[in-house]
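Enquirer: Just so it is clear, I am handing over protein.txt, which has compact mmCIF, C-alpha atoms and all ligand atoms.
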```txt
# COMPACT_ATOMS: atom_id res chain seq x y z
CA MET A 4 138.06 45.56 128.99
CA THR A 5 137.70 48.10 131.81
CA ALA A 6 134.86 50.59 131.80
CA HIS A 7 137.42 53.31 131.21
CA ASN A 8 138.84 51.51 128.17
CA ARG A 9 135.35 50.76 126.81
CA ARG A 10 134.41 54.41 126.92
CA ARG A 11 137.67 55.22 125.12
CA PHE A 12 136.99 52.55 122.51
CA ILE A 13 133.42 53.73 121.88
CA LYS A 14 134.67 57.29 121.57
CA GLN A 15 137.43 56.33 119.13
CA ALA A 16 135.20 53.99 117.12
CA GLY A 17 132.55 56.66 116.99
CA ALA A 18 135.09 59.17 115.81
CA GLY A 19 136.34 56.72 113.21
CA MET A 20 132.85 55.94 111.99
CA GLY A 21 132.16 59.62 111.82
CA LEU A 22 135.20 60.15 109.65
CA ALA A 23 134.29 57.20 107.41
CA ALA A 24 130.76 58.45 107.03
CA ALA A 25 131.99 61.95 106.29
CA ALA A 26 134.38 60.61 103.67
CA SER A 27 131.66 58.68 101.82
CA PHE A 28 129.03 61.47 102.02
CA VAL A 29 129.90 64.44 99.90
CA PRO A 30 127.30 67.06 100.71
CA THR A 31 126.21 69.06 97.70
CA ARG A 32 124.69 72.50 97.95
CA PHE A 33 121.61 70.92 96.44
CA ALA A 34 121.32 68.34 99.26
CA ILE A 35 121.87 70.96 101.92
CA GLY A 36 119.51 73.33 100.19
CA GLN A 37 116.76 70.76 100.07
CA LYS A 38 116.58 70.53 103.86
CA ALA A 39 116.44 74.18 104.82
CA LYS A 40 113.63 76.58 104.05
CA ILE A 41 114.31 79.31 101.52
CA LYS A 42 114.14 82.64 103.32
CA LEU A 43 112.41 85.29 101.22
CA GLY A 44 112.81 88.82 102.51
CA LEU A 45 109.82 90.94 101.50
CA MET A 46 110.62 94.62 101.91
CA LEU A 47 107.52 96.53 100.87
CA PRO A 48 105.33 99.40 102.07
CA TYR A 49 102.60 98.19 104.41
CA SER A 50 101.83 101.68 105.72
CA GLY A 51 101.57 105.15 104.18
CA THR A 52 100.46 106.31 100.74
CA TYR A 53 101.73 103.12 99.01
CA ALA A 54 100.40 100.63 101.60
CA ALA A 55 97.72 99.16 99.31
CA LEU A 56 100.36 98.60 96.62
CA GLY A 57 102.58 96.65 99.00
CA HIS A 58 99.69 94.49 100.17
CA ASN A 59 98.56 93.65 96.64
CA ILE A 60 102.09 92.71 95.56
CA THR A 61 102.55 90.48 98.61
CA ASP A 62 99.18 88.75 98.46
CA ALA A 63 99.33 88.06 94.72
CA MET A 64 102.90 86.77 94.91
CA LYS A 65 101.98 84.33 97.68
CA MET A 66 98.83 83.33 95.79
CA ARG A 67 100.92 82.46 92.71
CA ILE A 68 103.51 80.53 94.71
CA ASN A 69 100.72 78.57 96.40
CA GLU A 70 99.21 77.80 92.99
CA GLY A 71 102.62 76.38 92.10
CA GLY A 72 102.63 74.07 95.15
CA GLY A 73 103.78 76.49 97.86
CA LYS A 74 107.49 75.66 97.52
CA LEU A 75 110.41 77.03 95.50
CA GLY A 76 112.55 74.41 93.79
CA GLY A 77 111.25 71.82 96.24
CA ARG A 78 112.09 73.87 99.32
CA GLU A 79 109.62 75.25 101.80
CA ILE A 80 109.55 79.02 102.20
CA GLU A 81 109.94 81.27 105.19
CA TYR A 82 108.64 84.75 104.42
CA VAL A 83 110.26 87.56 106.41
CA GLN A 84 108.19 90.74 105.92
CA LEU A 85 109.29 94.27 106.69
CA ASP A 86 107.35 97.53 106.26
CA ASP A 87 109.70 99.94 104.47
CA GLU A 88 107.24 102.85 104.93
CA SER A 89 108.35 104.19 101.51
CA ALA A 90 111.09 105.96 103.45
CA PRO A 91 114.39 106.21 101.49
CA PRO A 92 116.50 107.24 104.53
CA LYS A 93 115.63 103.91 106.21
CA GLY A 94 116.18 101.87 103.02
CA LYS A 95 119.76 100.69 103.63
CA ASP A 96 119.21 99.74 107.28
CA ASN A 97 116.05 97.84 106.46
CA ALA A 98 117.68 95.93 103.60
CA SER A 99 120.65 95.05 105.87
CA ARG A 100 118.25 93.85 108.53
CA LEU A 101 116.77 91.35 106.07
CA LEU A 102 119.98 90.26 104.38
CA VAL A 103 122.51 90.36 107.22
CA ARG A 104 120.58 89.96 110.46
CA ASP A 105 117.79 87.68 109.17
CA LYS A 106 120.00 85.98 106.56
CA CYS A 107 117.38 86.05 103.82
CA ASP A 108 118.42 84.20 100.68
CA ILE A 109 116.62 86.49 98.24
CA LEU A 110 115.38 90.05 98.71
CA VAL A 111 112.07 91.06 97.09
CA GLY A 112 111.04 94.72 96.99
CA THR A 113 109.96 97.42 96.70
CA VAL A 114 107.43 100.02 95.47
CA HIS A 115 109.22 103.36 96.00
CA SER A 116 112.12 104.10 93.63
CA GLY A 117 114.23 105.90 96.26
CA VAL A 118 113.96 102.95 98.65
CA ALA A 119 114.74 100.48 95.85
CA LEU A 120 117.94 102.36 94.96
CA ALA A 121 119.10 101.95 98.57
CA MET A 122 118.14 98.25 98.58
CA ALA A 123 120.10 97.64 95.39
CA GLN A 124 123.25 99.03 96.96
CA VAL A 125 122.96 96.72 99.98
CA ALA A 126 122.06 93.67 97.87
CA LYS A 127 125.13 94.27 95.72
CA GLU A 128 127.41 94.67 98.75
CA GLU A 129 126.04 91.43 100.21
CA ASN A 130 126.17 89.67 96.80
CA LYS A 131 122.49 88.69 97.07
CA PHE A 132 119.69 88.48 94.53
CA LEU A 133 117.24 91.38 94.45
CA VAL A 134 113.91 91.00 92.62
CA ILE A 135 112.00 94.26 92.14
CA PRO A 136 108.22 93.86 91.83
CA ASN A 137 107.42 97.55 91.26
CA ALA A 138 109.89 100.42 91.75
CA GLY A 139 110.71 101.82 88.32
CA ALA A 140 113.93 103.83 88.99
CA VAL A 141 115.60 103.76 85.58
CA ASP A 142 119.15 103.51 86.93
CA LEU A 143 118.40 100.05 88.33
CA THR A 144 118.36 98.65 84.82
CA ARG A 145 120.63 101.26 83.25
CA LYS A 146 123.88 102.46 84.82
CA ASN A 147 123.33 100.61 88.12
CA CYS A 148 122.20 97.35 86.54
CA SER A 149 123.80 94.22 87.95
CA ALA A 150 123.86 90.50 87.34
CA LYS A 151 121.86 89.63 90.48
CA LEU A 152 119.24 92.36 90.11
CA PHE A 153 116.05 91.61 88.17
CA ARG A 154 112.88 93.65 87.68
CA THR A 155 109.50 92.06 86.99
CA SER A 156 107.60 95.35 86.70
CA PHE A 157 108.66 98.30 84.46
CA SER A 158 111.06 101.23 84.26
CA ASN A 159 109.51 104.60 85.02
CA TRP A 160 110.23 105.67 81.46
CA GLN A 161 108.34 102.72 79.93
CA PRO A 162 104.65 103.48 80.56
CA ALA A 163 105.28 107.23 80.27
CA PHE A 164 106.94 107.35 76.86
CA PRO A 165 103.91 106.22 74.79
CA CYS A 166 101.70 108.72 76.62
CA GLY A 167 103.30 111.73 74.88
CA ASP A 168 102.33 110.30 71.50
CA VAL A 169 98.80 109.64 72.71
CA ALA A 170 98.45 113.29 73.78
CA LEU A 171 99.81 114.50 70.43
CA LYS A 172 97.43 112.24 68.50
CA ASP A 173 94.59 113.67 70.57
CA GLY A 174 95.56 117.06 69.13
CA HIS A 175 97.30 118.64 72.13
CA LYS A 176 100.23 120.97 71.61
CA THR A 177 100.99 122.27 75.11
CA ALA A 178 101.20 120.44 78.44
CA VAL A 179 101.80 121.09 82.12
CA ILE A 180 103.50 118.29 84.04
CA MET A 181 102.80 117.76 87.74
CA THR A 182 104.58 114.99 89.69
CA TRP A 183 105.94 114.19 93.10
CA LYS A 184 109.52 115.44 93.48
CA TYR A 185 111.46 112.13 93.54
CA PRO A 186 113.05 109.81 90.94
CA ALA A 187 109.82 108.11 89.82
CA GLY A 188 108.21 111.51 89.16
CA PHE A 189 111.20 112.96 87.29
CA GLU A 190 111.68 109.84 85.18
CA SER A 191 108.02 109.49 84.33
CA ALA A 192 107.96 113.16 83.31
CA GLN A 193 111.04 112.55 81.14
CA GLY A 194 109.35 109.65 79.35
CA PHE A 195 106.35 111.83 78.49
CA LYS A 196 108.58 114.74 77.42
CA ASP A 197 110.73 112.51 75.18
CA SER A 198 107.83 111.67 72.88
CA PHE A 199 105.67 114.80 73.34
CA THR A 200 108.42 117.30 72.52
CA LYS A 201 109.88 115.14 69.73
CA GLY A 202 106.50 115.33 68.04
CA GLY A 203 106.37 119.12 68.36
CA GLY A 204 104.59 119.45 71.73
CA LYS A 205 105.68 122.07 74.29
CA ILE A 206 105.96 121.65 78.07
CA ILE A 207 104.99 125.02 79.53
CA LYS A 208 105.54 124.23 83.23
CA GLU A 209 106.57 121.46 85.63
CA ILE A 210 105.00 121.54 89.09
CA LEU A 211 106.74 119.39 91.71
CA PRO A 212 105.13 118.84 95.12
CA ASP A 213 107.20 116.87 97.66
CA PHE A 214 106.57 113.15 98.12
CA PRO A 215 104.12 112.15 99.63
CA SER A 216 102.39 115.53 100.03
CA VAL A 217 98.76 115.72 98.95
CA GLU A 218 98.62 119.51 99.13
CA PHE A 219 97.77 119.95 95.43
CA GLN A 220 95.80 123.19 95.58
CA ALA A 221 98.59 125.65 94.69
CA GLY A 222 99.57 123.54 91.67
CA LEU A 223 95.98 123.27 90.48
CA THR A 224 95.51 127.03 90.73
CA GLU A 225 98.64 127.48 88.57
CA ILE A 226 97.34 124.99 85.98
CA ALA A 227 94.05 126.86 85.78
CA ALA A 228 95.94 130.11 85.10
CA LEU A 229 98.32 128.56 82.52
CA LYS A 230 95.50 126.94 80.53
CA PRO A 231 97.56 124.19 78.83
CA ASP A 232 95.94 121.89 76.25
CA CYS A 233 96.56 118.95 78.59
CA VAL A 234 98.11 117.89 81.90
CA TYR A 235 100.40 114.89 82.54
CA VAL A 236 100.85 113.71 86.13
CA PHE A 237 102.66 110.98 88.07
CA PHE A 238 100.90 110.08 91.32
CA ALA A 239 100.06 106.64 92.72
CA GLY A 240 98.20 104.98 95.57
CA ALA A 241 96.32 107.13 98.08
CA GLY A 242 97.95 110.29 96.69
CA ALA A 243 96.60 109.57 93.20
CA LEU A 244 93.08 109.18 94.56
CA LYS A 245 93.31 112.55 96.30
CA PHE A 246 94.75 114.19 93.17
CA MET A 247 91.94 112.97 90.89
CA LYS A 248 89.34 114.26 93.35
CA ASP A 249 91.07 117.63 93.72
CA TYR A 250 91.54 118.02 89.94
CA ASP A 251 87.83 117.42 89.45
CA ALA A 252 86.77 119.64 92.36
CA ALA A 253 88.89 122.49 90.95
CA GLY A 254 86.78 122.30 87.79
CA LEU A 255 89.77 121.25 85.67
CA LYS A 256 88.65 117.77 84.60
CA ALA A 257 85.91 119.15 82.42
CA ARG A 258 88.24 121.68 80.76
CA ILE A 259 91.74 120.16 80.48
CA GLN A 260 92.37 116.53 79.47
CA LEU A 261 94.28 114.66 82.18
CA TYR A 262 96.89 112.00 81.26
CA GLY A 263 99.29 109.87 83.25
CA PRO A 264 100.94 106.50 83.50
CA GLY A 265 98.28 104.05 84.69
CA PHE A 266 99.47 104.31 88.30
CA LEU A 267 97.20 107.36 88.48
CA THR A 268 94.05 105.27 88.23
CA ASP A 269 95.03 101.66 89.00
CA GLY A 270 93.58 100.41 92.25
CA VAL A 271 91.84 103.72 92.99
CA TYR A 272 89.61 104.75 90.05
CA LYS A 273 86.56 103.01 91.55
CA GLN A 274 86.94 104.97 94.79
CA ALA A 275 87.39 108.17 92.77
CA GLY A 276 83.97 107.64 91.15
CA SER A 277 83.01 110.37 88.70
CA ALA A 278 86.29 112.25 89.37
CA ALA A 279 88.10 109.58 87.33
CA GLU A 280 85.75 109.71 84.32
CA GLY A 281 87.56 110.45 81.05
CA ILE A 282 91.13 110.17 82.38
CA LYS A 283 93.46 108.54 79.84
CA THR A 284 96.45 106.51 80.94
CA THR A 285 99.12 104.22 79.48
CA LEU A 286 100.34 101.15 81.33
CA HIS A 287 101.64 97.59 80.93
CA TYR A 288 98.31 96.24 82.17
CA ALA A 289 94.56 96.76 81.71
CA ASP A 290 91.81 95.16 83.79
CA ASP A 291 89.90 93.94 80.77
CA ILE A 292 92.65 92.20 78.81
CA ASP A 293 90.61 89.44 77.26
CA THR A 294 92.71 86.34 77.96
CA PRO A 295 91.95 83.23 80.03
CA ILE A 296 94.99 83.83 82.26
CA ASN A 297 93.89 87.39 83.10
CA LYS A 298 90.32 86.33 83.84
CA LYS A 299 91.46 83.42 86.00
CA PHE A 300 93.94 85.62 87.87
CA ARG A 301 91.39 88.37 88.56
CA ALA A 302 88.79 85.89 89.78
CA ALA A 303 91.28 84.08 92.07
CA PHE A 304 92.65 87.33 93.52
CA LYS A 305 89.14 88.63 94.22
CA ASP A 306 88.16 85.32 95.75
CA GLN A 307 91.17 85.22 98.07
CA THR A 308 91.50 88.87 99.07
CA LYS A 309 88.01 90.31 98.46
CA ARG A 310 89.78 93.09 96.55
CA ASP A 311 89.95 93.85 92.83
CA ALA A 312 93.25 93.04 91.14
CA ASP A 313 95.32 95.89 89.72
CA VAL A 314 98.74 96.33 88.14
CA TYR A 315 100.48 95.88 91.50
CA ALA A 316 98.78 92.53 92.04
CA VAL A 317 99.82 91.51 88.51
CA GLN A 318 103.44 92.41 89.26
CA GLY A 319 103.32 90.43 92.52
CA TYR A 320 101.79 87.48 90.69
CA ASP A 321 104.49 87.60 88.01
CA THR A 322 107.18 87.83 90.68
CA GLY A 323 105.75 84.57 92.05
CA THR A 324 106.06 82.97 88.60
CA PHE A 325 109.58 84.37 88.26
CA LEU A 326 110.65 82.81 91.56
CA LEU A 327 108.91 79.49 90.86
CA GLN A 328 110.46 79.06 87.42
CA GLY A 329 113.95 80.23 88.38
CA LEU A 330 114.24 78.16 91.55
CA ALA A 331 112.81 75.10 89.80
CA ALA A 332 115.61 75.34 87.24
CA VAL A 333 118.26 75.12 89.99
CA GLN A 334 116.27 72.73 92.19
CA GLY A 335 116.11 75.25 95.00
CA ASP A 336 119.84 75.95 95.10
CA VAL A 337 119.96 79.72 95.62
CA GLY A 338 123.75 79.50 95.73
CA ALA A 339 123.95 78.30 92.14
CA ASP A 340 124.43 81.89 90.98
CA LYS A 341 125.41 81.31 87.38
CA ALA A 342 122.68 78.76 86.68
CA LEU A 343 120.03 80.89 88.37
CA ILE A 344 121.04 84.03 86.47
CA LYS A 345 120.96 82.03 83.23
CA ALA A 346 117.50 80.65 84.01
CA TRP A 347 116.13 84.09 84.85
CA GLU A 348 117.74 85.78 81.86
CA GLY A 349 116.02 83.30 79.57
CA ILE A 350 112.66 83.38 81.32
CA LYS A 351 109.34 83.75 79.51
CA ILE A 352 106.47 84.71 81.78
CA ASP A 353 102.86 84.01 80.85
CA SER A 354 101.28 86.89 82.68
CA PRO A 355 97.82 88.44 83.05
CA ARG A 356 99.43 91.47 81.30
CA GLY A 357 100.49 89.28 78.32
CA THR A 358 103.55 87.11 77.78
CA PHE A 359 106.85 88.87 78.34
CA THR A 360 110.59 88.21 78.36
CA LEU A 361 113.45 90.21 79.88
CA SER A 362 115.85 92.55 78.12
CA LYS A 363 119.64 92.28 78.47
CA SER A 364 119.39 94.71 81.39
CA HIS A 365 116.89 92.41 83.22
CA GLU A 366 113.80 94.50 82.50
CA PRO A 367 110.44 93.33 81.02
CA ILE A 368 109.94 93.89 77.30
CA GLN A 369 106.21 94.44 77.24
CA ASP A 370 103.18 95.93 75.55
CA ILE A 371 101.95 99.27 76.85
CA TYR A 372 98.17 99.63 76.76
CA LEU A 373 96.04 102.75 76.37
CA ARG A 374 93.12 102.88 78.82
CA GLN A 375 90.34 105.33 79.64
CA VAL A 376 87.84 105.47 82.47
CA TYR A 377 84.24 105.75 81.39
CA SER A 378 80.92 104.72 82.91
CA GLY A 379 82.75 103.69 86.09
CA ASP A 380 85.08 101.19 84.40
CA GLU A 381 88.57 101.48 83.04
CA LYS A 382 88.43 100.35 79.42
CA LEU A 383 91.22 99.08 77.23
CA LEU A 384 91.33 101.27 74.10
CA GLY A 385 94.25 99.55 72.38
CA ILE A 386 97.99 99.03 72.43
CA ALA A 387 99.87 102.33 72.71
CA HIS A 388 103.27 100.72 72.10
CA LYS A 389 103.98 97.11 71.19
CA ALA A 390 106.83 95.23 72.95
CA LEU A 391 108.47 98.30 74.45
CA ALA A 392 111.91 97.83 76.02
CA ASP A 393 113.62 100.37 78.23
CA PRO A 394 116.74 101.65 76.39
CA GLY A 395 118.93 100.23 79.17
CA THR A 396 121.45 103.01 78.51
CA GLY A 397 124.76 102.55 80.33
CA CYS A 398 124.04 99.01 81.56
CA THR A 399 127.21 96.91 81.43
CA MET A 400 126.31 94.22 84.03
CA ALA A 401 129.52 94.93 85.94
C1 LIG B 501 108.16 104.29 92.01
O1 LIG B 501 108.52 104.93 93.02
O2 LIG B 501 108.98 103.86 91.20
C2 LIG B 501 106.70 104.03 91.80
C3 LIG B 501 105.82 104.06 92.84
C4 LIG B 501 104.48 103.80 92.62
C5 LIG B 501 104.03 103.47 91.36
C6 LIG B 501 104.92 103.44 90.30
C7 LIG B 501 106.26 103.73 90.51
```
Show how you would write the structure in this file as structure tokens.
Expert:
Amino acid sequence: MTAHNRRRFIKQAGAGMGLAAAASFVPTRFAIGQKAKIKLGLMLPYSGTYAALGHNITDAMKMRINEGGGKLGGREIEYVQLDDESAPPKGKDNASRLLVRDKCDILVGTVHSGVALAMAQVAKEENKFLVIPNAGAVDLTRKNCSAKLFRTSFSNWQPAFPCGDVALKDGHKTAVIMTWKYPAGFESAQGFKDSFTKGGGKIIKEILPDFPSVEFQAGLTEIAALKPDCVYVFFAGAGALKFMKDYDAAGLKARIQLYGPGFLTDGVYKQAGSAAEGIKTTLHYADDIDTPINKKFRAAFKDQTKRDADVYAVQGYDTGTFLLQGLAAVQGDVGADKALIKAWEGIKIDSPRGTFTLSKSHEPIQDIYLRQVYSGDEKLLGIAHKALADPGTGCTMA
């Protein structure tokens, strides 16, 4: 055999062997999936008024995944993090960057409702899973709900709705609402109004500063002049801290009871000091829920981050559980859409907030707690509404 013929023979034999091998090896998505890392796109605020919220979600989610062995369905994870700056106009481009350019398998985010609405559009166009660890925009689990969109947090209506009843029970008949002018503010206000006005309460004014403005003075002057029985506000993060301080400094805290969803105080009431004393809030979490899982979670989060856990950390932690359980059910195969959706729809999450399941519109059904800050701590007063589900109006899972 000449050298030329030998090379030809080796080439042909090699090609033949390749074909034989290919014929006997039927790659499954599972086998392929096992080799590659799962790419998790984390689109969250790491700057601006919601920066602390984004950091707590991220750190607690990673902490939970590490507790579960650091892998999802047997696959290692590559985290791709992007600061969304809580800027809705950049939402679509940022989501595309993660899903199209970086080819993330699953998108996780975000905090700000306006940004989340943009992310949901892109995720749907790209036919990718979106897991929302905070943003409460109601449309995401109502008319814009979709099979591959899941929320592990709340709808903006959920923690707000029980608050109206709390204010009525406290004997208040008139309220002023003050919230940032964007979907989360409007929807939170609506939740409060739904129960407060149904029970005979009257909203005498709604004051709407732009997001994320912390120029509250004009609104506070108006509240002082209107003299309502109580005030309901939606603010969160650094803006909430500034609001509590301004409300106190204006002399209003001592005269007019302040209410809100727990985003007003969570993560910031300690920094607010005496300005937070007496504020009553309703939320799907309370620091002092007396369960082993909550105590263990708070201790571990403090140990790892040197920060106190709050509702955002809880939501991040539960998102970690959500990913661990779902991906375990499909052995890491993110392409197994039907099986993954089925696993997530049937999920039961043992959370620091209490055990919860998801509604048909992919939204937690959960207890809403009543809390009040006194003597420098936020105390759990009781359950304001047991197993509350968002109405999910208009959700058809198209
Ligand atoms: C929202 O935009 O949906 C939101 C932001 C911070 C806390 C709660 C809700």
Enquirer: Which is closer to ligand LIG 501 (chain B) than all the others in A:Ala289, A:Ala140, A:Ala54, A:Ala342, using all atoms listed in the file?
Expert: A:Ala140
Enquirer: Please find the residues contacting ligand LIG 501 (chain B) at a distance of at most 8 Å between atoms, with all atoms listed in the file counted, and report them as a list in words.
Expert: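 Using all atoms listed in the file, everything at most 8 Å from ligand LIG 501 (chain B) comes to Tyr53, Leu56, Val114, His115, Ser116, Gly117, Asn137, Ala138, Gly139, Ala140, Ser158, Asn159, Tyr185, Pro186, Ala187, Gly188, Phe238, Ala239, Gly240 and Phe266 of chain A.
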Enquirer: Contacts of region 267-279 of chain A at 7 Å or less, counting all atoms listed in the file, minus same-chain residues fewer than 3 places along, as a compact mmCIF listing (two decimals) with C-alpha atoms, keeping the file's coordinate frame?
Expert:
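In the end it all went to selection.txt:
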```
# COMPACT_ATOMS: atom_id res chain seq x y z
CA PHE A 237 102.66 110.98 88.07
CA PHE A 238 100.90 110.08 91.32
CA ALA A 239 100.06 106.64 92.72
CA GLY A 240 98.20 104.98 95.57
CA ALA A 243 96.60 109.57 93.20
CA LEU A 244 93.08 109.18 94.56
CA MET A 247 91.94 112.97 90.89
CA LYS A 248 89.34 114.26 93.35
CA ASP A 251 87.83 117.42 89.45
CA GLY A 263 99.29 109.87 83.25
CA PRO A 264 100.94 106.50 83.50
CA ILE A 282 91.13 110.17 82.38
CA ASP A 313 95.32 95.89 89.72
CA VAL A 314 98.74 96.33 88.14
CA VAL A 376 87.84 105.47 82.47
CA GLY A 379 82.75 103.69 86.09
```
Enquirer: How close does region 222-332 of chain A get to region 215-218 of chain A? List, as CSV, each residue of region 222-332 of chain A within 8 Å, its nearest atom pair and the distance in Å to one decimal, counting only C-alpha atoms.
Expert:
```
residue,atom,partner,partner_atom,distance
A:Gly242,CA,A:Val217,CA,5.9
A:Lys245,CA,A:Val217,CA,6.8
A:Phe246,CA,A:Val217,CA,7.2
```
Enquirer: Need to verify the contact set: Val169 (chain A), 9 Å, only C-alpha atoms, exclusion of same-chain residues closer than 5 positions in sequence. Can you return it as a PyMOL selection string?
Expert: chain A and resi 174+199+283+285+373+387
Enquirer: Between CA of Ile386 (chain A) and CA of Leu286 (chain A), measure the distance and give it in Å to one decimal.
Expert: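 Computed distance, CA of Ile386 (chain A) to CA of Leu286 (chain A), equals 9.4 Å.
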Enquirer: Using only the atoms of region 318-332 of chain A listed in the file, plus 6 Å on each side, state the axis-aligned box centre and edge lengths in Å rounded to one decimal, as AutoDock Vina command-line options.
Expert:
```
--center_x 108.7 --center_y 83.8 --center_z 89.9 --size_x 25.8 --size_y 29.3 --size_z 17.3
```
Enquirer: Would you please work out which residue, of A:Leu223, A:Phe189, A:Asp87, A:Leu75, is nearest to Gly254 (chain A) when using only C-alpha atoms?
Expert: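 So, comparing all the options, the nearest one is A:Leu223.
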Enquirer: I'd like the neighbourhood of Ile41 (chain A) as JSON, numbers by chain, where a residue qualifies if any of its atoms comes within 8 Å (using all atoms listed in the file), though same-chain residues fewer than 4 positions away should be ignored.
Expert: {"A": [75, 78, 79, 80, 81, 107, 108, 335]}
Enquirer: Which residues of region 205-313 of chain A come within 10 Å of region 67-70 of chain A, and what is each one's closest atom pair and distance in Å (one decimal), counting all atoms listed in the file, sorted by chain and residue number, as a Markdown table?
Expert:
```
| residue | atom | partner | partner_atom | distance |
| --- | --- | --- | --- | --- |
| A:Phe300 | CA | A:Arg67 | CA | 9.1 |
| A:Ala303 | CA | A:Arg67 | CA | 9.8 |
| A:Phe304 | CA | A:Arg67 | CA | 9.6 |
```
Enquirer: I need the residue nearest Val103 (chain A) from this list: A:Val125, A:Gly319, A:Leu85, A:Ala331. Use all atoms listed in the file for the distance.
Expert: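 Checking each of A:Val125, A:Gly319, A:Leu85, A:Ala331 against Val103 (chain A), counting all atoms listed in the file, the winner is A:Val125.
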Enquirer: Interatomic distance between CA of Glu381 (chain A) and CA of Ser362 (chain A)?
Expert: 29.1 Å
Enquirer: Just checking: using only C-alpha atoms, which residue out of A:Ile109, A:Leu102, A:Met64, A:Ala339 ends up closest to Lys40 (chain A)?
Expert: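 Of the candidates, the smallest distance to Lys40 (chain A) is held by A:Ile109.
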Enquirer: Give the answer as one residue: which of A:Ala163, A:Ala228, A:Ala302, A:Ile210 has the shortest atom-to-atom distance to Trp183 (chain A), using only C-alpha atoms?
Expert: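 Among the listed residues, A:Ile210 lies closest to Trp183 (chain A).
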Enquirer: Using all atoms listed in the file and a cutoff of 12 Å, can you tell me which residues are near (111.5, 114.3, 75.6) in the file's coordinates, and write them out as a list in words?
Expert: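 Residues lying no farther than 12 Å from the given point: Trp160, Ala163, Phe164, Pro165, Cys166, Gly167, Asp168, Phe189, Glu190, Ser191, Ala192, Gln193, Gly194, Phe195, Lys196, Asp197, Ser198, Phe199, Thr200, Lys201, Gly202, Gly203, Gly204, Lys205 and Ile206 of chain A.
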